[in-house]
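Below is the file start.tsv, which contains TSV, C-alpha atoms.
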```tsv
chain	number	residue	atom	x	y	z
A	1	MET	CA	140.98	101.23	223.10
A	2	SER	CA	139.73	99.28	220.09
A	3	GLY	CA	138.03	102.44	218.81
A	4	THR	CA	141.32	104.33	219.01
A	5	ARG	CA	143.09	101.56	217.09
A	6	THR	CA	140.38	101.53	214.45
A	7	ALA	CA	140.64	105.31	214.04
A	8	LEU	CA	144.44	105.08	213.83
A	9	ALA	CA	144.26	102.32	211.24
A	10	ALA	CA	141.80	104.34	209.19
A	11	ALA	CA	144.09	107.37	209.35
A	12	LEU	CA	147.12	105.33	208.25
A	13	LEU	CA	145.12	103.81	205.40
A	14	ALA	CA	144.05	107.27	204.27
A	15	VAL	CA	147.67	108.43	204.30
A	16	ALA	CA	148.71	105.34	202.31
A	17	PHE	CA	146.07	106.00	199.65
A	18	SER	CA	147.04	109.68	199.54
A	19	THR	CA	150.72	108.79	199.12
A	20	TYR	CA	149.87	106.30	196.36
A	21	ALA	CA	147.82	108.89	194.55
A	22	VAL	CA	150.68	111.40	194.68
A	23	ALA	CA	153.22	108.77	193.51
A	24	GLU	CA	151.07	107.60	190.60
A	25	PRO	CA	152.79	108.73	187.36
A	26	ALA	CA	151.18	111.49	185.34
A	27	ASP	CA	149.58	110.63	182.02
A	28	PRO	CA	152.34	111.21	179.42
A	29	TRP	CA	149.97	111.39	176.45
A	30	PRO	CA	149.42	115.18	176.39
A	31	SER	CA	153.20	115.74	176.29
A	32	LEU	CA	153.59	113.07	173.61
A	33	VAL	CA	150.97	114.81	171.48
A	34	THR	CA	153.12	117.95	171.71
A	35	ASP	CA	156.43	116.19	171.09
A	36	ILE	CA	155.41	113.75	168.34
A	37	PHE	CA	152.47	115.49	166.70
A	38	HIS	CA	153.44	119.11	167.45
A	39	GLY	CA	150.31	119.69	169.51
A	40	ARG	CA	147.90	119.06	166.61
A	41	GLU	CA	144.32	118.14	167.42
A	42	ILE	CA	143.72	114.38	167.45
A	43	ALA	CA	140.15	113.19	166.90
A	44	PRO	CA	138.70	109.78	167.87
A	45	ALA	CA	139.39	106.96	165.44
A	46	ASP	CA	135.84	107.03	163.99
A	47	GLY	CA	136.66	103.86	162.07
A	48	THR	CA	139.62	105.45	160.27
A	49	ILE	CA	142.12	103.36	162.23
A	50	SER	CA	141.84	100.47	164.66
A	51	LEU	CA	144.46	98.83	166.86
A	52	ASP	CA	144.73	95.14	167.67
A	53	ALA	CA	146.79	94.66	170.85
A	54	PRO	CA	146.77	92.00	173.59
A	55	LYS	CA	145.30	92.97	176.95
A	56	ARG	CA	148.16	91.10	178.63
A	57	ALA	CA	151.35	90.28	176.75
A	58	GLU	CA	152.73	86.74	176.82
A	59	ASP	CA	156.26	88.11	176.30
A	60	ALA	CA	156.87	91.81	176.97
A	61	ALA	CA	159.82	91.81	174.54
A	62	ILE	CA	157.73	90.53	171.61
A	63	VAL	CA	154.25	92.04	171.72
A	64	PRO	CA	152.23	91.87	168.49
A	65	MET	CA	150.49	95.06	167.37
A	66	THR	CA	148.35	95.54	164.26
A	67	MET	CA	147.06	98.83	162.86
A	68	ARG	CA	144.12	98.54	160.44
A	69	PHE	CA	142.67	101.14	158.07
A	70	SER	CA	139.07	100.98	156.92
A	71	ASP	CA	139.76	103.06	153.78
A	72	PRO	CA	143.42	102.75	152.70
A	73	ALA	CA	143.06	105.49	150.11
A	74	LYS	CA	142.37	108.04	152.89
A	75	VAL	CA	145.39	107.26	155.08
A	76	LYS	CA	148.69	109.04	154.52
A	77	ALA	CA	150.62	107.89	157.61
A	78	ALA	CA	150.22	105.85	160.77
A	79	THR	CA	152.15	106.04	164.04
A	80	LEU	CA	152.31	103.54	166.90
A	81	VAL	CA	153.00	105.12	170.32
A	82	ILE	CA	153.69	103.13	173.50
A	83	ASP	CA	153.04	105.85	176.05
A	84	GLN	CA	155.14	104.62	179.00
A	85	ASN	CA	158.14	103.34	177.02
A	86	PRO	CA	161.49	105.18	177.30
A	87	MET	CA	161.25	105.88	173.56
A	88	PRO	CA	157.46	106.03	173.11
A	89	MET	CA	157.27	106.31	169.31
A	90	ALA	CA	157.69	102.68	168.33
A	91	ALA	CA	157.18	103.12	164.60
A	92	SER	CA	155.81	105.68	162.17
A	93	PHE	CA	154.78	104.58	158.68
A	94	ALA	CA	154.48	106.92	155.69
A	95	LEU	CA	152.31	105.10	153.14
A	96	GLY	CA	152.76	105.28	149.38
A	97	ASP	CA	150.07	107.17	147.49
A	98	LYS	CA	148.87	104.03	145.67
A	99	SER	CA	150.04	101.42	148.17
A	100	GLY	CA	146.58	100.23	149.18
A	101	VAL	CA	147.83	99.18	152.63
A	102	ASP	CA	144.88	98.27	154.85
A	103	PHE	CA	146.88	96.80	157.74
A	104	ILE	CA	150.41	96.75	159.16
A	105	GLU	CA	151.45	94.28	161.84
A	106	THR	CA	154.70	94.45	163.80
A	107	ARG	CA	156.17	93.39	167.16
A	108	VAL	CA	157.25	95.73	169.92
A	109	ARG	CA	158.75	95.90	173.41
A	110	VAL	CA	156.49	97.09	176.22
A	111	ASN	CA	158.34	98.31	179.31
A	112	SER	CA	155.45	98.74	181.77
A	113	TYR	CA	151.67	98.75	181.98
A	114	THR	CA	150.71	101.36	179.42
A	115	ASN	CA	148.26	102.87	177.02
A	116	VAL	CA	149.17	102.31	173.39
A	117	HIS	CA	147.96	104.78	170.76
A	118	ALA	CA	147.60	104.15	167.03
A	119	VAL	CA	147.36	107.48	165.21
A	120	ALA	CA	146.41	107.82	161.54
A	121	GLU	CA	146.97	110.94	159.48
A	122	THR	CA	144.47	111.19	156.64
A	123	ARG	CA	145.23	112.85	153.33
A	124	ASP	CA	143.21	115.91	154.36
A	125	GLY	CA	145.75	116.49	157.17
A	126	LYS	CA	143.58	115.34	160.09
A	127	LEU	CA	144.70	112.99	162.86
A	128	HIS	CA	142.60	110.15	164.29
A	129	SER	CA	143.55	107.83	167.16
A	130	GLU	CA	142.51	104.62	168.87
A	131	MET	CA	143.92	103.59	172.27
A	132	LYS	CA	144.34	100.22	173.97
A	133	PHE	CA	145.71	99.40	177.43
A	134	VAL	CA	148.37	96.67	177.54
A	135	LYS	CA	149.64	94.88	180.64
A	136	ALA	CA	153.33	94.02	180.28
A	137	SER	CA	156.59	94.95	181.95
A	138	GLY	CA	160.33	94.75	181.41
A	139	GLY	CA	160.28	94.45	177.63
A	140	CYS	CA	162.91	97.11	176.97
A	141	SER	CA	165.44	95.62	179.40
A	142	ALA	CA	164.76	91.94	178.61
A	143	PRO	CA	167.94	90.13	177.51
A	144	ALA	CA	168.37	89.31	173.84
A	145	GLY	CA	166.96	85.99	172.76
A	146	LYS	CA	169.93	85.10	170.57
A	147	ASP	CA	173.63	84.64	171.19
A	148	PRO	CA	175.45	87.97	170.49
A	149	ASP	CA	177.94	86.33	168.10
A	150	GLU	CA	175.14	84.67	166.16
A	151	ALA	CA	173.21	87.95	166.03
A	152	LEU	CA	176.28	89.79	164.71
A	153	ALA	CA	176.98	87.13	162.08
A	154	ASN	CA	173.42	87.27	160.73
A	155	MET	CA	172.79	91.00	161.12
A	156	GLY	CA	170.86	92.46	158.20
A	157	LYS	CA	169.78	89.17	156.65
A	158	MET	CA	166.18	89.32	155.47
A	159	LYS	CA	163.35	86.92	154.67
A	160	TYR	CA	160.32	87.59	152.51
A	161	ARG	CA	157.01	85.71	152.55
A	162	GLU	CA	153.80	86.09	150.57
A	163	PHE	CA	150.25	85.27	151.61
A	164	ARG	CA	146.89	85.05	149.91
A	165	SER	CA	144.68	87.97	150.99
A	166	ALA	CA	141.02	87.54	151.93
A	167	VAL	CA	140.36	90.92	150.30
A	168	ALA	CA	139.83	90.92	146.54
A	169	GLY	CA	142.54	92.78	144.65
A	170	GLN	CA	144.93	92.78	147.62
A	171	ARG	CA	148.13	90.86	148.39
A	172	GLU	CA	149.85	90.26	151.72
A	173	ALA	CA	153.55	90.05	152.45
A	174	GLN	CA	155.92	89.78	155.40
A	175	ILE	CA	159.43	91.22	155.77
A	176	MET	CA	161.69	89.83	158.52
A	177	ILE	CA	165.03	91.53	159.29
A	178	ARG	CA	167.69	89.89	161.44
A	179	HIS	CA	168.93	92.52	163.88
A	180	PRO	CA	169.41	92.52	167.69
A	181	ASN	CA	167.66	95.88	167.98
A	182	ASN	CA	169.42	96.47	171.30
A	183	SER	CA	167.58	99.02	173.41
A	184	GLY	CA	170.58	100.24	175.44
A	185	MET	CA	168.79	99.04	178.60
A	186	GLN	CA	169.92	95.41	178.46
A	187	MET	CA	172.65	94.32	180.85
A	188	ASP	CA	175.35	91.81	179.92
A	189	GLN	CA	175.05	89.19	182.66
A	190	ILE	CA	178.80	88.48	182.58
A	191	THR	CA	180.35	91.97	182.39
A	192	ARG	CA	177.40	93.72	184.13
A	193	ALA	CA	177.75	96.48	181.53
A	194	TYR	CA	174.85	97.73	179.45
A	195	THR	CA	174.82	96.73	175.79
A	196	PRO	CA	174.92	99.92	173.67
A	197	ALA	CA	171.75	100.79	171.78
A	198	HIS	CA	171.87	99.41	168.24
A	199	TYR	CA	168.58	99.31	166.38
A	200	ILE	CA	166.83	99.56	163.03
A	201	ASP	CA	165.67	103.15	162.63
A	202	ALA	CA	164.39	103.21	159.03
A	203	VAL	CA	162.89	100.74	156.54
A	204	GLU	CA	161.68	101.34	152.99
A	205	VAL	CA	159.54	98.76	151.17
A	206	TRP	CA	159.06	99.09	147.41
A	207	GLN	CA	156.91	97.22	144.91
A	208	GLY	CA	159.04	97.71	141.81
A	209	ASP	CA	159.60	101.48	141.74
A	210	GLU	CA	156.43	102.27	143.72
A	211	LEU	CA	156.64	102.87	147.46
A	212	ILE	CA	154.54	100.73	149.79
A	213	PHE	CA	155.77	102.35	153.01
A	214	LYS	CA	158.66	104.10	154.73
A	215	MET	CA	159.07	103.41	158.44
A	216	GLU	CA	160.91	105.35	161.13
A	217	GLY	CA	161.48	103.34	164.31
A	218	GLY	CA	163.52	103.00	167.47
A	219	ILE	CA	164.28	100.84	170.48
A	220	SER	CA	160.64	99.92	171.04
A	221	LEU	CA	160.69	97.61	168.02
A	222	SER	CA	161.44	94.04	169.04
A	223	GLU	CA	164.54	92.03	168.27
A	224	ASP	CA	164.55	90.90	164.60
A	225	PRO	CA	162.02	93.50	163.35
A	226	ASN	CA	159.11	91.97	161.51
A	227	PHE	CA	156.45	93.62	159.33
A	228	ARG	CA	153.40	91.95	157.81
A	229	PHE	CA	151.19	94.11	155.60
A	230	SER	CA	148.70	94.18	152.76
A	231	TYR	CA	149.16	96.11	149.52
A	232	ALA	CA	147.56	96.68	146.13
A	233	PRO	CA	149.57	94.88	143.41
A	234	ASN	CA	150.70	97.11	140.54
A	235	GLY	CA	152.10	94.42	138.24
A	236	ALA	CA	155.70	94.85	139.42
A	237	LYS	CA	157.88	91.74	139.37
A	238	THR	CA	159.98	92.44	142.47
A	239	MET	CA	159.66	93.47	146.11
A	240	ARG	CA	162.67	95.27	147.52
A	241	VAL	CA	163.64	96.54	150.97
A	242	VAL	CA	166.25	98.96	152.23
A	243	ALA	CA	166.84	99.14	156.00
A	244	HIS	CA	169.13	101.40	158.04
A	245	ASP	CA	170.26	101.24	161.65
A	246	ASN	CA	171.43	103.94	164.05
A	247	LYS	CA	175.09	102.99	163.63
A	248	GLY	CA	175.11	103.54	159.87
A	249	GLY	CA	174.39	99.97	158.81
A	250	VAL	CA	172.54	99.60	155.50
A	251	TYR	CA	170.83	96.32	154.59
A	252	LYS	CA	169.09	95.43	151.33
A	253	GLY	CA	166.92	92.65	150.01
A	254	GLU	CA	165.05	91.96	146.76
A	255	TRP	CA	162.75	89.08	145.84
A	256	PRO	CA	160.50	88.09	142.91
A	257	ILE	CA	156.78	88.57	143.45
A	258	ALA	CA	154.87	85.39	142.68
A	259	GLU	CA	152.23	85.47	140.01
A	260	PRO	CA	148.66	85.52	141.44
A	261	SER	CA	147.22	82.02	141.61
```
Could I get this structure in the form of structure tokens?
Amino acid sequence: MSGTRTALAAALLAVAFSTYAVAEPADPWPSLVTDIFHGREIAPADGTISLDAPKRAEDAAIVPMTMRFSDPAKVKAATLVIDQNPMPMAASFALGDKSGVDFIETRVRVNSYTNVHAVAETRDGKLHSEMKFVKASGGCSAPAGKDPDEALANMGKMKYREFRSAVAGQREAQIMIRHPNNSGMQMDQITRAYTPAHYIDAVEVWQGDELIFKMEGGISLSEDPNFRFSYAPNGAKTMRVVAHDNKGGVYKGEWPIAEPS
């Protein structure tokens, strides 16, 4: 009798594993390569780009990600893709020809355990990618951290910070934009209705009249989008930013650049 039970248990376990295997979601990356990169060949990073990402996020709604470039002069654009997110392309950065950007850091929402790809396009038209696996869940549906009235009152306000760079001839800066960046997946706990998607979808950062980067983004960027980056100073006296959201909002900021110490 015990042998029959053992055989039955083994059979049920085999069925369970088989069912799990069938239910396991397919890897979305091949389709994303087609949709985002038009099916172009993507080579390994080979040092062109690297991605700093936590193995397990402390807060799935605010996950820090940093893309680094070993030779800034070679990189034309960089794209951050969160494979399992509802809107996988978190942010795509077109870099200015003389920007000298060797890293860009931002914060994103991660909706479930996922691979994250950082893809660099070099000026010869080739694509290179590095991938990291991140454990997090619920970031896209997490409730906003700020009161809706406060968020509305401060929408579009910006802050600018400067930092000393460890790399000779480089400067570092940070742009912070107040915006709820609603994903459309967040439920109002009182009305039980979903808050409509309302998010920053474009940002331009200029050093004087010279472009540092243009970003296209979506709901995967966190609340109050935040960008820290390096750049090569060109002697300009001002840093200026123009941001747009998906509802037609336009927000601008301009600040003096401090003299090097």
Separation of CA of Arg107 in chain A from CA of Ser70 in chain A in Å |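 Result for CA of Ser70 in chain A versus CA of Arg107 in chain A: 21.3 Å, one decimal.
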Do you have the CA of Met239 in chain A-CA of Ala53 in chain A distance handy?
-> 27.9 Å
Please report, as CSV, each residue of range 85-163 of chain A lying at most 7 Å from range 203-216 of chain A, together with the nearest pair of atoms and the separation in Å rounded to one decimal; use all atoms listed in the file, and order rows by chain and ascending residue number.
```
residue,atom,partner,partner_atom,distance
A:Ala91,CA,A:Glu216,CA,5.6
A:Ser92,CA,A:Glu216,CA,5.2
A:Phe93,CA,A:Met215,CA,4.5
A:Ala94,CA,A:Lys214,CA,5.1
A:Leu95,CA,A:Phe213,CA,4.4
A:Gly96,CA,A:Ile212,CA,4.9
A:Ser99,CA,A:Ile212,CA,4.8
```
Would you mind exporting the chosen residues as an mmCIF file, in the coordinates of the input, restricted to C-alpha atoms?
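Below you can see result-v2.cif, which holds the result:
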```cif
data_model
loop_
_atom_site.group_PDB
_atom_site.id
_atom_site.type_symbol
_atom_site.label_atom_id
_atom_site.label_comp_id
_atom_site.auth_asym_id
_atom_site.auth_seq_id
_atom_site.Cartn_x
_atom_site.Cartn_y
_atom_site.Cartn_z
ATOM 1 C CA ALA A 91 157.180 103.120 164.600
ATOM 2 C CA SER A 92 155.810 105.680 162.170
ATOM 3 C CA PHE A 93 154.780 104.580 158.680
ATOM 4 C CA ALA A 94 154.480 106.920 155.690
ATOM 5 C CA LEU A 95 152.310 105.100 153.140
ATOM 6 C CA GLY A 96 152.760 105.280 149.380
ATOM 7 C CA SER A 99 150.040 101.420 148.170
#
```
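You can rank A:Arg178, A:His128, A:Arg123, A:His117 by their closest distance to Lys157 in chain A using only C-alpha atoms, and at the top of that list sits A:Arg178.
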Which value, in Å to one decimal, gives the distance between CA of Asp52 in chain A and CA of Ala26 in chain A?
->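 Interatomic distance here is 24.9 Å.
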With distances taken over all atoms listed in the file, the candidate from A:Glu41, A:Asp59, A:Asp27, A:Asp124 nearest Gln84 in chain A is A:Asp27
So, counting all atoms listed in the file, which residue among A:Ala153, A:Ala118, A:Ile62, A:Ile104 is closest to Ser50 in chain A?
->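 For Ser50 in chain A, the nearest of the candidates is A:Ala118.
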Closest atom pairs, residues of range 69-170 of chain A within 12 Å of range 256-260 of chain A, only C-alpha atoms, as a Markdown table:
```
| residue | atom | partner | partner_atom | distance |
| --- | --- | --- | --- | --- |
| A:Tyr160 | CA | A:Pro256 | CA | 9.6 |
| A:Arg161 | CA | A:Ile257 | CA | 9.5 |
| A:Glu162 | CA | A:Ala258 | CA | 8.0 |
| A:Phe163 | CA | A:Ala258 | CA | 10.1 |
| A:Arg164 | CA | A:Pro260 | CA | 8.7 |
| A:Ser165 | CA | A:Pro260 | CA | 10.6 |
| A:Ala168 | CA | A:Pro260 | CA | 11.5 |
| A:Gly169 | CA | A:Pro260 | CA | 10.0 |
| A:Gln170 | CA | A:Pro260 | CA | 10.2 |
```
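Of the residues under consideration (A:Lys76, A:Arg109, A:Lys132, A:Lys98), A:Lys132 shows the shortest atom-to-atom contact distance to Leu51 in chain A when counting only C-alpha atoms.
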Which residue of A:Pro30, A:Gly218, A:Pro233, A:Gly249 approaches Met89 in chain A most closely, using all atoms listed in the file =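 Distance minimum relative to Met89 in chain A lands on A:Gly218.
Proximity of A:Ala77, A:Met187, A:Leu32, A:Leu221 to Asp97 in chain A, computed with all atoms listed in the file, is greatest for A:Ala77.
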Within 12 Å of (172.5, 87.1, 156.1) (coordinates as in the file), grab all the protein and nucleic acid residues, counting all atoms listed in the file, and write them out as a ChimeraX atom specification.
-> /A:150-159,176-179,251-253
Protein, DNA and RNA residues within 9 Å of (153.6, 93.0, 178.2), only C-alpha atoms, as an MDAnalysis selection string | chainID A and resid 54:63 109:114 134:139
Dump as an mmCIF file, in the coordinates of the input, selection limited to C-alpha atoms:
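To be explicit, this is the file written out as result_2.cif:
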```
data_model
loop_
_atom_site.group_PDB
_atom_site.id
_atom_site.type_symbol
_atom_site.label_atom_id
_atom_site.label_comp_id
_atom_site.auth_asym_id
_atom_site.auth_seq_id
_atom_site.Cartn_x
_atom_site.Cartn_y
_atom_site.Cartn_z
ATOM 1 C CA PRO A 54 146.770 92.000 173.590
ATOM 2 C CA LYS A 55 145.300 92.970 176.950
ATOM 3 C CA ARG A 56 148.160 91.100 178.630
ATOM 4 C CA ALA A 57 151.350 90.280 176.750
ATOM 5 C CA GLU A 58 152.730 86.740 176.820
ATOM 6 C CA ASP A 59 156.260 88.110 176.300
ATOM 7 C CA ALA A 60 156.870 91.810 176.970
ATOM 8 C CA ALA A 61 159.820 91.810 174.540
ATOM 9 C CA ILE A 62 157.730 90.530 171.610
ATOM 10 C CA VAL A 63 154.250 92.040 171.720
ATOM 11 C CA ARG A 109 158.750 95.900 173.410
ATOM 12 C CA VAL A 110 156.490 97.090 176.220
ATOM 13 C CA ASN A 111 158.340 98.310 179.310
ATOM 14 C CA SER A 112 155.450 98.740 181.770
ATOM 15 C CA TYR A 113 151.670 98.750 181.980
ATOM 16 C CA THR A 114 150.710 101.360 179.420
ATOM 17 C CA VAL A 134 148.370 96.670 177.540
ATOM 18 C CA LYS A 135 149.640 94.880 180.640
ATOM 19 C CA ALA A 136 153.330 94.020 180.280
ATOM 20 C CA SER A 137 156.590 94.950 181.950
ATOM 21 C CA GLY A 138 160.330 94.750 181.410
ATOM 22 C CA GLY A 139 160.280 94.450 177.630
#
```
Would you mind exporting range 112-190 of chain A with C-alpha atoms, as an mmCIF file, in the first residue's frame?
```
data_model
loop_
_atom_site.group_PDB
_atom_site.id
_atom_site.type_symbol
_atom_site.label_atom_id
_atom_site.label_comp_id
_atom_site.auth_asym_id
_atom_site.auth_seq_id
_atom_site.Cartn_x
_atom_site.Cartn_y
_atom_site.Cartn_z
ATOM 1 C CA SER A 112 7.918 41.769 -10.807
ATOM 2 C CA TYR A 113 11.081 39.676 -10.690
ATOM 3 C CA THR A 114 12.764 40.558 -13.951
ATOM 4 C CA ASN A 115 15.821 40.865 -16.109
ATOM 5 C CA VAL A 116 16.879 44.444 -16.725
ATOM 6 C CA HIS A 117 18.840 45.289 -19.871
ATOM 7 C CA ALA A 118 21.042 48.327 -20.441
ATOM 8 C CA VAL A 119 21.656 48.769 -24.171
ATOM 9 C CA ALA A 120 24.197 51.187 -25.629
ATOM 10 C CA GLU A 121 24.264 52.292 -29.241
ATOM 11 C CA THR A 122 27.757 53.275 -30.325
ATOM 12 C CA ARG A 123 28.462 55.898 -32.956
ATOM 13 C CA ASP A 124 29.255 53.185 -35.509
ATOM 14 C CA GLY A 125 25.627 52.021 -35.215
ATOM 15 C CA LYS A 126 26.251 48.854 -33.179
ATOM 16 C CA LEU A 127 24.283 47.810 -30.096
ATOM 17 C CA HIS A 128 25.810 46.372 -26.913
ATOM 18 C CA SER A 129 23.940 45.148 -23.827
ATOM 19 C CA GLU A 130 24.476 44.121 -20.227
ATOM 20 C CA MET A 131 21.760 42.346 -18.212
ATOM 21 C CA LYS A 132 21.069 42.105 -14.484
ATOM 22 C CA PHE A 133 18.330 40.193 -12.645
ATOM 23 C CA VAL A 134 16.381 42.210 -10.060
ATOM 24 C CA LYS A 135 14.046 40.825 -7.402
ATOM 25 C CA ALA A 136 11.162 43.225 -6.755
ATOM 26 C CA SER A 137 7.404 43.251 -7.169
ATOM 27 C CA GLY A 138 4.465 45.639 -7.206
ATOM 28 C CA GLY A 139 6.383 48.783 -8.101
ATOM 29 C CA CYS A 140 4.047 49.912 -10.875
ATOM 30 C CA SER A 141 0.912 49.622 -8.740
ATOM 31 C CA ALA A 142 2.416 50.948 -5.486
ATOM 32 C CA PRO A 143 0.471 53.952 -4.159
ATOM 33 C CA ALA A 144 1.996 57.403 -4.540
ATOM 34 C CA GLY A 145 4.220 58.487 -1.705
ATOM 35 C CA LYS A 146 2.849 62.025 -1.592
ATOM 36 C CA ASP A 147 -0.572 63.525 -1.014
ATOM 37 C CA PRO A 148 -2.287 64.089 -4.420
ATOM 38 C CA ASP A 149 -3.036 67.752 -3.654
ATOM 39 C CA GLU A 150 0.561 68.385 -2.646
ATOM 40 C CA ALA A 151 1.814 66.602 -5.768
ATOM 41 C CA LEU A 152 -0.467 68.721 -7.971
ATOM 42 C CA ALA A 153 0.593 71.966 -6.282
ATOM 43 C CA ASN A 154 4.299 71.228 -6.782
ATOM 44 C CA MET A 155 4.111 69.554 -10.194
ATOM 45 C CA GLY A 156 6.972 70.551 -12.466
ATOM 46 C CA LYS A 157 9.133 72.192 -9.814
ATOM 47 C CA MET A 158 12.796 71.292 -10.265
ATOM 48 C CA LYS A 159 15.965 71.177 -8.198
ATOM 49 C CA TYR A 160 19.534 71.222 -9.462
ATOM 50 C CA ARG A 161 22.643 70.031 -7.613
ATOM 51 C CA GLU A 162 26.319 69.921 -8.540
ATOM 52 C CA PHE A 163 28.993 67.502 -7.379
ATOM 53 C CA ARG A 164 32.742 67.253 -7.654
ATOM 54 C CA SER A 165 33.708 64.446 -10.052
ATOM 55 C CA ALA A 166 36.460 61.942 -9.295
ATOM 56 C CA VAL A 167 37.334 61.995 -13.008
ATOM 57 C CA ALA A 168 39.611 64.806 -14.177
ATOM 58 C CA GLY A 169 37.917 67.202 -16.577
ATOM 59 C CA GLN A 170 34.414 65.984 -15.677
ATOM 60 C CA ARG A 171 31.564 67.514 -13.668
ATOM 61 C CA GLU A 172 28.554 65.826 -12.081
ATOM 62 C CA ALA A 173 25.036 67.157 -11.712
ATOM 63 C CA GLN A 174 21.602 66.026 -10.563
ATOM 64 C CA ILE A 175 18.189 67.097 -11.869
ATOM 65 C CA MET A 176 15.107 66.384 -9.722
ATOM 66 C CA ILE A 177 11.611 66.975 -11.147
ATOM 67 C CA ARG A 178 8.513 67.015 -8.957
ATOM 68 C CA HIS A 179 5.875 64.925 -10.715
ATOM 69 C CA PRO A 180 3.619 62.058 -9.530
ATOM 70 C CA ASN A 181 4.495 59.993 -12.604
ATOM 71 C CA ASN A 182 1.279 58.012 -12.146
ATOM 72 C CA SER A 183 1.474 54.652 -13.882
ATOM 73 C CA GLY A 184 -2.278 54.170 -14.447
ATOM 74 C CA MET A 185 -2.087 51.021 -12.296
ATOM 75 C CA GLN A 186 -2.465 52.716 -8.903
ATOM 76 C CA MET A 187 -5.823 52.453 -7.167
ATOM 77 C CA ASP A 188 -7.334 55.270 -5.113
ATOM 78 C CA GLN A 189 -8.019 53.604 -1.762
ATOM 79 C CA ILE A 190 -11.111 55.765 -1.174
#
```
